[in-house]
Every structure is written in structure tokens, then in C-alpha cells.
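Pasting protein03.cif here (mmCIF, C-alpha atoms):
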data_protein
#
loop_
_atom_site.label_atom_id
_atom_site.label_comp_id
_atom_site.auth_asym_id
_atom_site.auth_seq_id
_atom_site.Cartn_x
_atom_site.Cartn_y
_atom_site.Cartn_z
CA MET I 1 212.27 29.77 269.96
CA PRO I 2 214.97 28.92 272.50
CA LEU I 3 216.48 31.98 274.16
CA TRP I 4 220.03 31.24 273.05
CA PHE I 5 218.97 31.35 269.41
CA SER I 6 216.95 34.53 269.65
CA LEU I 7 219.76 36.25 271.50
CA SER I 8 222.17 35.40 268.75
CA SER I 9 225.05 37.29 267.59
CA GLY I 10 225.08 40.22 265.29
CA LYS I 11 227.09 41.80 268.04
CA PRO I 12 230.33 39.89 267.80
CA LEU I 13 232.34 39.25 270.92
CA ALA I 14 235.04 41.87 270.38
CA PRO I 15 237.84 40.25 272.43
CA LEU I 16 237.15 36.91 270.69
CA GLU I 17 237.39 38.57 267.27
CA VAL I 18 240.72 40.11 268.24
CA GLN I 19 242.07 36.83 269.64
CA GLU I 20 240.91 34.87 266.58
CA LYS I 21 242.60 37.35 264.27
CA ARG I 22 245.85 37.27 266.27
CA VAL I 23 246.00 33.47 266.42
CA THR I 24 245.13 33.18 262.72
CA ARG I 25 247.89 35.59 261.71
CA VAL I 26 250.54 33.93 263.89
CA VAL I 27 249.63 30.41 262.72
CA CYS I 28 249.49 31.46 259.05
CA PHE I 29 252.88 33.16 259.33
CA LEU I 30 254.44 30.13 261.03
CA ALA I 31 252.90 27.69 258.54
CA VAL I 32 254.04 29.65 255.48
CA THR I 33 257.53 30.16 256.97
CA LEU I 34 257.87 26.43 257.68
CA MET I 35 256.66 25.46 254.20
CA LEU I 36 258.94 27.96 252.42
CA GLY I 37 261.88 27.09 254.69
CA GLY I 38 261.32 23.40 254.04
CA LEU I 39 261.19 23.99 250.29
CA ALA I 40 264.44 26.00 250.43
CA VAL I 41 266.18 23.18 252.36
CA LEU I 42 264.93 20.54 249.93
CA LEU I 43 266.02 22.52 246.88
CA ALA I 44 269.41 23.17 248.50
CA GLN I 45 269.74 19.41 249.06
CA GLY I 46 269.21 18.89 245.36
CA VAL I 47 265.69 17.44 245.52
CA PRO I 48 264.27 18.07 242.04
CA TRP I 49 261.24 20.30 241.79
CA GLY I 50 258.38 18.46 240.16
CA VAL I 51 254.64 18.20 240.35
CA PRO I 52 253.12 16.37 242.07
CA GLY I 53 256.42 15.22 243.64
CA LEU I 54 256.40 13.12 246.78
CA PRO I 55 253.45 13.00 249.19
CA ALA I 56 253.74 14.70 252.56
CA PRO I 57 255.29 12.47 255.23
CA HIS I 58 252.79 10.37 257.18
CA LEU I 59 251.84 11.86 260.55
CA ALA I 60 253.40 8.97 262.43
CA ALA I 61 256.67 9.30 260.50
CA LEU I 62 256.95 13.06 260.54
CA PHE I 63 259.77 13.31 263.06
CA TYR I 64 261.93 10.38 262.10
CA ARG I 65 263.49 9.06 258.92
CA GLN I 66 262.70 12.38 257.27
CA SER I 67 265.03 15.11 256.10
CA LEU I 68 264.65 18.49 257.78
CA GLY I 69 263.02 19.89 254.63
CA TRP I 70 260.22 17.33 254.50
CA THR I 71 259.59 17.61 258.24
CA ALA I 72 259.35 21.40 258.01
CA MET I 73 256.99 21.28 255.03
CA GLY I 74 254.85 18.61 256.69
CA LEU I 75 254.67 20.63 259.90
CA GLY I 76 253.68 23.77 257.99
CA ILE I 77 250.90 21.93 256.19
CA ILE I 78 249.61 20.34 259.41
CA LEU I 79 249.74 23.68 261.23
CA LEU I 80 247.59 25.32 258.55
CA GLY I 81 245.32 22.26 258.50
CA ILE I 82 244.54 22.40 262.23
CA LEU I 83 243.96 26.16 262.24
CA PRO I 84 240.14 25.91 261.89
CA LEU I 85 240.05 23.49 264.83
CA LEU I 86 242.23 25.87 266.85
CA ARG I 87 239.78 28.67 266.07
CA VAL I 88 236.80 26.63 267.28
CA GLY I 89 238.78 25.64 270.39
CA LEU I 90 239.67 29.28 271.01
CA ALA I 91 236.00 30.25 270.65
CA ALA I 92 235.03 27.56 273.20
CA TRP I 93 237.72 28.75 275.62
CA SER I 94 236.68 32.39 275.15
CA TYR I 95 232.96 31.65 275.64
CA GLY I 96 233.83 29.61 278.72
CA ASN I 97 235.81 32.52 280.14
CA CYS I 98 232.85 34.86 279.54
CA ARG I 99 230.51 32.29 281.15
CA LYS I 100 228.43 32.14 277.98
CA TRP I 101 227.69 28.51 278.67
CA LEU I 102 225.34 27.81 275.78
CA ASP I 103 227.78 29.25 273.26
CA PHE I 104 230.53 27.31 275.03
CA LEU I 105 228.50 24.10 274.69
CA THR I 106 227.79 24.82 271.02
CA ALA I 107 231.51 25.19 270.33
CA LEU I 108 232.22 21.96 272.22
CA VAL I 109 229.53 20.10 270.28
CA VAL I 110 231.04 21.34 266.99
CA LEU I 111 234.48 20.11 268.10
CA LEU I 112 233.01 16.77 269.13
CA GLU I 113 231.14 16.40 265.84
CA LEU I 114 234.33 17.19 263.94
CA LEU I 115 236.31 14.58 265.84
CA LEU I 116 233.50 12.07 265.27
CA SER I 117 233.42 12.89 261.59
CA MET I 118 237.24 12.52 261.33
CA ALA I 119 237.11 9.18 263.14
CA TRP I 120 234.23 8.05 260.91
CA HIS I 121 236.09 8.85 257.70
CA ALA I 122 239.36 7.42 258.98
CA MET R 1 259.19 27.23 237.88
CA SER R 2 256.45 28.02 235.37
CA LEU R 3 254.33 25.29 236.94
CA PHE R 4 254.87 26.86 240.37
CA LEU R 5 253.70 30.21 238.99
CA ALA R 6 250.71 28.62 237.23
CA LEU R 7 249.58 26.93 240.47
CA PHE R 8 250.20 30.17 242.36
CA ALA R 9 248.06 32.13 239.86
CA THR R 10 245.31 29.50 240.01
CA GLY R 11 245.38 29.81 243.79
CA ILE R 12 245.07 33.60 243.59
CA GLY R 13 242.02 33.34 241.34
CA ALA R 14 240.34 30.71 243.52
CA GLY R 15 241.17 32.70 246.67
CA ILE R 16 239.64 35.91 245.33
CA LEU R 17 236.42 34.22 244.21
CA GLY R 18 236.22 31.98 247.28
CA ALA R 19 236.61 34.87 249.72
CA LEU R 20 234.23 37.15 247.80
CA LEU R 21 231.44 34.60 247.64
CA GLY R 22 232.08 32.80 250.92
CA LEU R 23 232.63 29.48 249.17
CA GLY R 24 236.17 28.73 250.24
CA GLY R 25 237.37 28.27 246.67
CA GLY R 26 237.20 24.47 246.39
CA ILE R 27 234.48 24.68 243.79
CA PHE R 28 236.97 26.47 241.49
CA LEU R 29 240.15 24.67 242.52
CA VAL R 30 239.10 21.05 241.92
CA PRO R 31 238.08 21.55 238.26
CA ALA R 32 241.14 23.74 237.63
CA LEU R 33 243.56 21.20 239.09
CA THR R 34 242.00 18.24 237.30
CA LEU R 35 241.36 19.90 233.93
CA LEU R 36 244.32 22.30 233.62
CA PHE R 37 246.99 20.35 235.52
CA GLN R 38 245.69 16.82 234.78
CA LEU R 39 245.93 15.78 238.43
CA PRO R 40 244.09 12.73 239.79
CA ILE R 41 240.83 13.69 241.50
CA ARG R 42 241.96 12.58 244.98
CA VAL R 43 245.11 14.70 244.77
CA ALA R 44 243.08 17.65 243.43
CA VAL R 45 240.55 17.35 246.26
CA GLY R 46 243.33 17.08 248.88
CA THR R 47 245.05 20.20 247.51
CA SER R 48 241.71 21.97 247.26
CA LEU R 49 240.90 21.20 250.93
CA MET R 50 244.15 22.92 251.88
CA GLY R 51 243.10 25.83 249.64
CA VAL R 52 239.72 26.11 251.39
CA ILE R 53 241.44 26.16 254.79
CA ALA R 54 243.82 28.84 253.46
CA THR R 55 240.87 30.96 252.26
CA SER R 56 239.22 30.65 255.65
CA ALA R 57 242.48 31.60 257.39
CA ALA R 58 243.16 34.56 255.09
CA VAL R 59 239.68 36.00 255.65
CA GLY R 60 240.14 35.52 259.41
CA ALA R 61 243.51 37.28 259.26
CA VAL R 62 242.34 40.39 257.40
CA GLU R 63 238.80 40.94 258.70
CA SER R 64 238.47 44.15 260.66
CA PRO R 65 236.28 44.41 263.78
CA GLY R 66 232.61 44.44 262.85
CA ARG R 67 233.42 43.20 259.36
CA GLY R 68 234.31 39.66 260.20
CA ALA R 69 232.61 36.34 260.71
CA ASP R 70 229.74 36.05 263.16
CA ILE R 71 231.35 33.23 265.13
CA GLY R 72 228.28 32.45 267.25
CA LEU R 73 226.11 32.10 264.15
CA ALA R 74 228.81 30.07 262.36
CA LEU R 75 229.12 27.59 265.23
CA ARG R 76 225.35 27.08 265.51
CA LEU R 77 224.94 26.50 261.78
CA GLU R 78 228.06 24.33 261.71
CA MET R 79 226.63 22.22 264.53
CA SER R 80 223.60 21.54 262.34
CA THR R 81 225.69 20.98 259.19
CA ALA R 82 228.03 18.53 260.93
CA ALA R 83 225.06 16.66 262.43
CA GLY R 84 223.59 16.48 258.91
CA ALA R 85 226.89 15.16 257.52
CA ILE R 86 227.03 12.43 260.15
CA THR R 87 223.36 11.54 259.51
CA GLY R 88 224.09 11.48 255.78
CA GLY R 89 226.98 9.12 256.39
CA LEU R 90 224.74 6.83 258.46
CA LEU R 91 221.95 6.91 255.88
CA ALA R 92 224.25 6.15 252.95
CA GLY R 93 222.85 3.09 251.24
CA TRP R 94 219.30 3.71 252.50
CA ILE R 95 218.47 6.77 250.42
CA SER R 96 218.84 6.89 246.66
CA PRO R 97 221.57 9.41 245.81
CA ARG R 98 219.72 10.33 242.62
CA SER R 99 216.56 11.40 244.43
CA LEU R 100 218.67 13.33 246.92
CA TYR R 101 220.42 15.16 244.07
CA LEU R 102 216.99 16.18 242.74
CA ILE R 103 215.73 17.28 246.16
CA PHE R 104 218.85 19.32 246.79
CA ALA R 105 218.64 20.85 243.30
CA LEU R 106 215.11 21.99 244.14
CA VAL R 107 216.34 23.56 247.40
CA VAL R 108 219.18 25.28 245.51
CA PHE R 109 216.78 26.72 242.90
CA LEU R 110 214.27 27.88 245.51
CA THR R 111 216.97 29.52 247.66
CA GLY R 112 218.53 31.10 244.56
CA ALA R 113 215.18 32.49 243.43
CA TYR R 114 214.47 33.80 246.95
CA GLU R 115 217.92 35.42 247.08
CA LEU R 116 217.28 37.03 243.70
CA SER R 117 213.86 38.33 244.74
CA LYS R 118 215.35 39.77 247.94
CA GLY R 119 217.91 41.66 245.90
CA TYR R 120 215.24 42.86 243.50
CA LYS R 121 213.06 44.12 246.37
CA ALA R 122 215.99 45.95 247.96
CA HIS R 123 216.79 47.54 244.61
CA ALA R 124 213.18 48.52 243.95
CA GLN R 125 212.81 50.08 247.42
CA LYS R 126 215.80 52.39 247.24
CA GLY R 127 216.54 52.62 243.55
CA ASP R 128 220.33 52.48 243.83
CA SER R 129 221.73 49.26 245.23
CA ARG R 130 224.99 50.91 246.35
CA SER R 131 223.17 53.10 248.84
CA SER R 132 220.31 50.75 249.58
CA GLU R 133 222.05 47.72 250.92
CA VAL R 134 224.86 47.47 253.41
CA LEU R 135 227.26 44.56 253.11
CA PHE R 136 228.35 44.75 256.74
CA ALA R 137 226.39 45.73 259.83
CA ALA R 138 226.58 45.07 263.55
CA ASP R 139 222.95 45.66 264.47
CA TYR R 140 221.27 42.77 262.67
CA VAL R 141 219.57 39.90 264.46
CA PRO R 142 219.44 36.61 262.55
CA SER R 143 215.89 35.32 262.11
CA HIS R 144 214.11 32.16 260.86
CA TRP R 145 216.42 29.90 262.84
CA VAL R 146 214.38 26.76 262.31
CA LEU R 147 214.47 27.08 258.53
CA GLY R 148 218.12 28.17 258.52
CA LEU R 149 219.23 25.28 260.71
CA SER R 150 217.10 22.83 258.69
CA LEU R 151 218.70 23.95 255.42
CA ALA R 152 222.16 23.78 257.01
CA PHE R 153 221.32 20.23 258.16
CA LEU R 154 220.17 19.31 254.65
CA ALA R 155 223.35 20.77 253.14
CA GLY R 156 225.40 18.71 255.60
CA MET R 157 223.38 15.57 254.86
CA VAL R 158 223.89 15.96 251.12
CA SER R 159 227.59 16.51 251.76
CA GLY R 160 227.79 13.35 253.88
CA LEU R 161 225.78 11.25 251.42
CA LEU R 162 227.11 12.49 248.11
CA GLY R 163 230.44 14.08 248.93
CA VAL R 164 229.22 17.38 247.43
CA GLY R 165 230.20 20.46 249.43
CA GLY R 166 227.14 22.42 250.51
CA GLY R 167 229.10 25.66 250.97
CA PHE R 168 227.47 27.47 248.07
CA ILE R 169 224.08 27.33 249.82
CA LYS R 170 225.24 28.70 253.20
CA VAL R 171 225.66 32.32 252.09
CA PRO R 172 222.19 32.61 250.48
CA VAL R 173 220.61 30.82 253.47
CA MET R 174 222.19 33.32 255.87
CA ASP R 175 221.51 36.32 253.64
CA ALA R 176 218.09 35.63 252.15
CA VAL R 177 216.53 33.40 254.81
CA MET R 178 218.11 34.58 258.07
CA GLY R 179 218.55 38.26 257.27
CA VAL R 180 222.32 38.42 257.75
CA PRO R 181 224.09 41.12 255.66
CA LEU R 182 225.79 39.64 252.60
CA GLY R 183 229.36 40.60 253.61
CA VAL R 184 228.94 39.13 257.10
CA ALA R 185 227.38 36.01 255.55
CA ALA R 186 230.40 35.59 253.24
CA ALA R 187 232.88 35.96 256.13
CA THR R 188 230.84 33.59 258.33
CA SER R 189 230.57 31.03 255.54
CA ASN R 190 234.34 31.19 254.99
CA PHE R 191 234.84 30.44 258.69
CA MET R 192 232.46 27.47 258.40
CA VAL R 193 233.91 25.94 255.23
CA GLY R 194 237.35 26.02 256.87
CA ILE R 195 236.05 23.91 259.76
CA THR R 196 234.37 21.44 257.41
CA ALA R 197 237.48 21.17 255.21
CA ALA R 198 239.71 20.55 258.23
CA ALA R 199 237.63 17.48 259.15
CA SER R 200 238.35 15.86 255.77
CA PHE R 201 241.87 17.23 255.34
CA PHE R 202 243.57 14.81 257.75
CA VAL R 203 241.91 11.85 256.09
CA TYR R 204 243.54 12.89 252.80
CA TYR R 205 246.82 13.66 254.57
CA ASN R 206 247.06 10.23 256.19
CA ARG R 207 246.07 8.55 252.92
CA GLY R 208 249.03 10.20 251.16
CA ASP R 209 246.99 12.52 248.93
CA ILE R 210 248.65 15.74 250.08
CA TYR R 211 251.68 16.74 248.00
CA PRO R 212 253.76 19.59 249.45
CA PHE R 213 255.05 20.74 246.04
CA LEU R 214 251.43 21.19 244.94
CA VAL R 215 250.04 22.49 248.19
CA LEU R 216 252.69 25.19 248.74
CA PRO R 217 252.19 27.32 245.59
CA THR R 218 248.43 26.79 245.60
CA SER R 219 248.02 27.72 249.27
CA LEU R 220 250.29 30.74 248.97
CA GLY R 221 248.24 31.94 246.01
CA VAL R 222 244.97 31.29 247.82
CA LEU R 223 246.17 33.14 250.93
CA LEU R 224 247.08 36.22 248.90
CA GLY R 225 244.00 36.01 246.67
CA ALA R 226 241.60 35.59 249.58
CA MET R 227 243.12 38.55 251.44
CA LEU R 228 242.73 40.64 248.31
CA GLY R 229 239.23 39.34 247.59
CA PHE R 230 237.91 39.93 251.09
CA SER R 231 239.43 43.43 251.16
CA LEU R 232 237.55 44.16 247.93
CA ILE R 233 234.10 43.33 249.33
CA PRO R 234 233.38 46.76 250.89
CA HIS R 235 234.07 48.37 247.52
CA LEU R 236 231.64 46.17 245.60
CA ARG R 237 227.92 46.44 245.10
CA ALA R 238 225.83 43.89 246.93
CA ALA R 239 223.77 43.39 243.78
CA TRP R 240 226.83 42.27 241.78
CA LEU R 241 227.91 39.80 244.43
CA ARG R 242 224.38 38.46 244.66
CA LEU R 243 224.11 38.02 240.89
CA VAL R 244 227.37 36.06 240.69
CA LEU R 245 226.31 33.92 243.64
CA VAL R 246 222.87 33.20 242.20
CA GLY R 247 224.38 32.44 238.78
CA LEU R 248 226.70 29.93 240.39
CA MET R 249 223.81 28.41 242.34
CA PHE R 250 221.78 27.89 239.19
CA LEU R 251 224.75 26.24 237.49
CA MET R 252 225.15 23.91 240.48
CA GLY R 253 221.41 23.24 240.45
CA ILE R 254 221.51 22.24 236.77
CA HIS R 255 224.55 20.06 237.46
CA MET R 256 222.66 18.33 240.27
CA ILE R 257 219.57 17.76 238.13
CA LEU R 258 221.76 16.15 235.48
CA GLN R 259 223.37 13.96 238.15
CA GLY R 260 219.94 13.09 239.51
CA LEU R 261 218.71 12.11 236.04
CA GLY R 262 221.77 10.01 235.43
CA TYR R 263 223.61 12.31 233.00
CA SER R 264 226.75 12.47 235.08
CA GLY R 265 229.13 12.39 232.16
CA ARG R 266 231.10 9.57 233.79
#
Would you give me this structure, written as C-alpha cells?
Amino acid sequence: MPLWFSLSSGKPLAPLEVQEKRVTRVVCFLAVTLMLGGLAVLLAQGVPWGVPGLPAPHLAALFYRQSLGWTAMGLGIILLGILPLLRVGLAAWSYGNCRKWLDFLTALVVLLELLLSMAWHA
Amino acid sequence: MSLFLALFATGIGAGILGALLGLGGGIFLVPALTLLFQLPIRVAVGTSLMGVIATSAAVGAVESPGRGADIGLALRLEMSTAAGAITGGLLAGWISPRSLYLIFALVVFLTGAYELSKGYKAHAQKGDSRSSEVLFAADYVPSHWVLGLSLAFLAGMVSGLLGVGGGFIKVPVMDAVMGVPLGVAAATSNFMVGITAAASFFVYYNRGDIYPFLVLPTSLGVLLGAMLGFSLIPHLRAAWLRLVLVGLMFLMGIHMILQGLGYSGR
């Protein structure tokens, strides 16, 4: 069995746990605030509430030809959507800082596989 | 407004169950959104992906040190799962989906039975499951890596080939096969399903299948529900969690056998 597997975990990297938790809380708070703020703006502008309503603005069109409400809601959704990738990136950065190169490489491979998978499906 | 509250309540329910069982909640959200709210499947899946990411985020936000995800383990298993998903995508068209459904159903039944027997042994050894089995621990060392990674690869491959999430098999693989405590396995699985969901989420976003008026109440509900659900884990018996998980696995196994035999209901 390779050493890096047998040495695995069970003893979580405490600073990484703390950083992950902090980043997750901040991003969640920002995302929810943006979504709720966007909804408030849209309702104030008289946009009728209805399900399913309009789809979220396309990524390429997020910052132009959109009202502030749609942009804010779109940004909130995207922020929450990229959170898992941010967490993997943070893990890679943290492992790199601790010179845990095999864990660092694992995190990088996961990121790479994710990007490949996204490109594949796109 | 009543629709907002109904979506919010659905999100809370899915969040609680998803966080408790380490499944993310998509398995509950998609049927609820299509059957109760009559939404098209693509819209339901897009909303559900956001819900899974919200579950993963909520668990990450409330986990206390030593009671959270094992990030190293999650990344290693995720590496295998993602490789399996890519392989599945490449093999699509070469392997019969029906035979794969049957193979995966067999794996689900075997893992479920093994999970059940592990719980039974733990119960028989100590008598009372509350005192006999810890849900969280820091001194475990995951074992049977080859089998664990192989099953994670298979789950990823099935996901890539059939579009079926393999999340419900990750917790029993970690718990029963690799010897990870059930609570840690649930938190780790929630971390993993968030990563997997994020990969598909942007495809749905760019395709126009994400609707903010749907996503907002559902995600808010899921965030609250998952925080509540994960906070409940230390107060629950491992045996109860295991029974619910195994019950769900057997239901999924039966569903897969029916799909494999051509009784898909479509």
C-alpha cells in the first residue's frame, strides 16, 4: 500500500478545518445576502413573484443589460455554486503551505478532473 | 407566498435528511420538485444541484473541530470518483446501461448487507448501540483503500454512464468497508457530493435551467435544514442512522434492478 494512503487522515489538519469553516461561513453569508437583496430589489421594482419565473442571467450577460436585482441574485447563486471548488482550492493551498505534497497533488488532481468534467459536459 | 413557504419547507426536509445521511439531499429534492411542484426534470435537477451544494456548505459551516469532514479522505475518494465519472462518460455507448444497472444494484445490496452486519456485530458486542458505537472519532485510520477506491470509482463510472448519483453508496463504503466512523463518513460524503454537484451545476446554469425564484427558497430551506440535521447527529443512535441508510440503499437497489430489467416506468 502506498505510504500516502496508509498515512491517511483521521487526524484532520486543524488549521485547514478552521479555514474551511471560515471561508464557508463568509461565502454562504454573502451568497444569501446577495440573493435576498436581489429578490427585495426585484419585488420593489414590481417584478411579479412566480414559479419558476425567469431563468438566472447567463454568465456572459451577468453584468450588462440586467437590472441590479437579477445581477445580485445571479451573483449569489454563482457564489454558492463555486463554494465547493473554493474549498478544494483552499485545501490545495493549505496542503502546499504545509509541504504535504502528495495531499497537495491529490487536491490539484481533483480540481483538474472537475474542470475536465465541466468542459466535457459543456 | 405560500409557494415560497412550500419550497422552503421542502428544502428544510431535504436538508435535514441529506445532512444526516451524507447524501446531499438531491435524492429527496428531485422527486419532490417534480411530483409536488410539477416542475420539468431539468429544472428540478438544476435546483436540486444547488440544494446539494447548500447542504455541503451548511455542514461545512457548522461542523466543529474533530466532528467535520475528513478532507484528505474526501479528496482521495473524490479523485477516484471523478476518474470513474470521466471513464463512464468515455465508455458511454460501449457498455449496456442495463447490465451496468444490474451490476451496480448488486454492489448496492452487498454493501448494504455488509453495513447491516457491521451494525449487528457492534450491537451484539456491546449490547447497547448508544454506548457501543461512536459517531465521531479522531483516532481512526481508514483501511481497505483498494476496495474503497475501487467502489468509489465504480460509483463515479455509474454516475458518468447513467447520470445516477452514487452518493448513497459513499457513506456505507467509508463506514463499513474503510472503518470510518459513521458521523465522520456522513460529513465527508457531504463534502464530496458538494464537489460533484458543483461540476454539473454550471452546465445547468449556462443552459438556463437555474431559476432564482425556485433556487432561493429551496436553498435557504436546505441551508437551515442541513445545519439542523448535522447538529442532530451527535444526539442520535448510530444504529438508527444505519437502518435508515440501509433501507434507502435497498430501495435504490430495487429501483436499479427494475431499471436493469427494463421496468423503468417511462
I need the output of the PyMOL selection byres ((chain R) within 6 of (chain I)) for this file as a ChimeraX atom specification; which residues are they? /R:60-61,72,79,138-141,194-195,198-199,203,206,208,210-212,214
Could you dump the residues just selected with C-alpha atoms as a PDB file, keeping the file's coordinate frame?
ATOM      1  CA  GLY R  60     240.140  35.520 259.410  1.00  0.00           C
ATOM      2  CA  ALA R  61     243.510  37.280 259.260  1.00  0.00           C
ATOM      3  CA  GLY R  72     228.280  32.450 267.250  1.00  0.00           C
ATOM      4  CA  MET R  79     226.630  22.220 264.530  1.00  0.00           C
ATOM      5  CA  ALA R 138     226.580  45.070 263.550  1.00  0.00           C
ATOM      6  CA  ASP R 139     222.950  45.660 264.470  1.00  0.00           C
ATOM      7  CA  TYR R 140     221.270  42.770 262.670  1.00  0.00           C
ATOM      8  CA  VAL R 141     219.570  39.900 264.460  1.00  0.00           C
ATOM      9  CA  GLY R 194     237.350  26.020 256.870  1.00  0.00           C
ATOM     10  CA  ILE R 195     236.050  23.910 259.760  1.00  0.00           C
ATOM     11  CA  ALA R 198     239.710  20.550 258.230  1.00  0.00           C
ATOM     12  CA  ALA R 199     237.630  17.480 259.150  1.00  0.00           C
ATOM     13  CA  VAL R 203     241.910  11.850 256.090  1.00  0.00           C
ATOM     14  CA  ASN R 206     247.060  10.230 256.190  1.00  0.00           C
ATOM     15  CA  GLY R 208     249.030  10.200 251.160  1.00  0.00           C
ATOM     16  CA  ILE R 210     248.650  15.740 250.080  1.00  0.00           C
ATOM     17  CA  TYR R 211     251.680  16.740 248.000  1.00  0.00           C
ATOM     18  CA  PRO R 212     253.760  19.590 249.450  1.00  0.00           C
ATOM     19  CA  LEU R 214     251.430  21.190 244.940  1.00  0.00           C
TER      20      LEU R 214
END
In Å, rounded to a single decimal, give me how far CA of Leu149 in chain R is from CA of Leu21 in chain R. 20.2 Å
Please provide the set of residues having any atom within 8 Å of range 216-224 of chain R, restricted to all atoms listed in the file, with same-chain residues fewer than 4 positions apart removed, written as a VMD selection string. (chain I and resid 32 35 to 36) or (chain R and resid 4 to 5 7 to 16 47 50 to 51 54 to 55 57 to 58 212 228)
Grab the CA of Val193 in chain R to CA of Tyr120 in chain R distance for me, in Å with one decimal place. 27.8 Å
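Each of R:Ala239, R:Phe250, R:Ala6, R:Leu151 was checked against Lys121 in chain R using all atoms listed in the file; the smallest atom-to-atom distance is that of R:Ala239.
In this model, the gap between CA of Leu75 in chain R and CA of Leu102 in chain R comes to 28.0 Å.
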Just checking: using only C-alpha atoms, which residue out of I:Phe29, I:Pro48, I:Ala61, I:Leu75 ends up closest to Phe213 in chain R? I:Pro48
Distance query 12 Å from (219.5, 20.8, 244.1) using only C-alpha atoms, result as a PyMOL selection string: chain R and resi 97-112+151+154-155+158-159+162+164-166+168-169+249-261
Please determine an axis-aligned box that encloses all atoms of range 233-244 of chain R listed in the file, with 8 Å added on each side, and express its centre and edge lengths in Å to one decimal as lines of an AutoDock Vina configuration file.
center_x = 228.9
center_y = 42.2
center_z = 245.8
size_x = 26.3
size_y = 28.3
size_z = 26.2
Spatial neighbours of Val30 in chain R, 9 Å, only C-alpha atoms, chain gap at least 5 places, as an MDAnalysis selection string: chainID R and resid 25 35 41 44:45 47:48
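Counting all atoms listed in the file and comparing R:Ala226, R:Leu3, R:Ile86, R:Val215, the residue that lies closest to Leu36 in chain R is R:Leu3.
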Residues within 12 Å of Phe153 in chain R, only C-alpha atoms, excluding chain neighbours under 4 positions, as a PyMOL selection string: chain R and resi 76-88+104+145-149+157-160+166-167+169-170+173
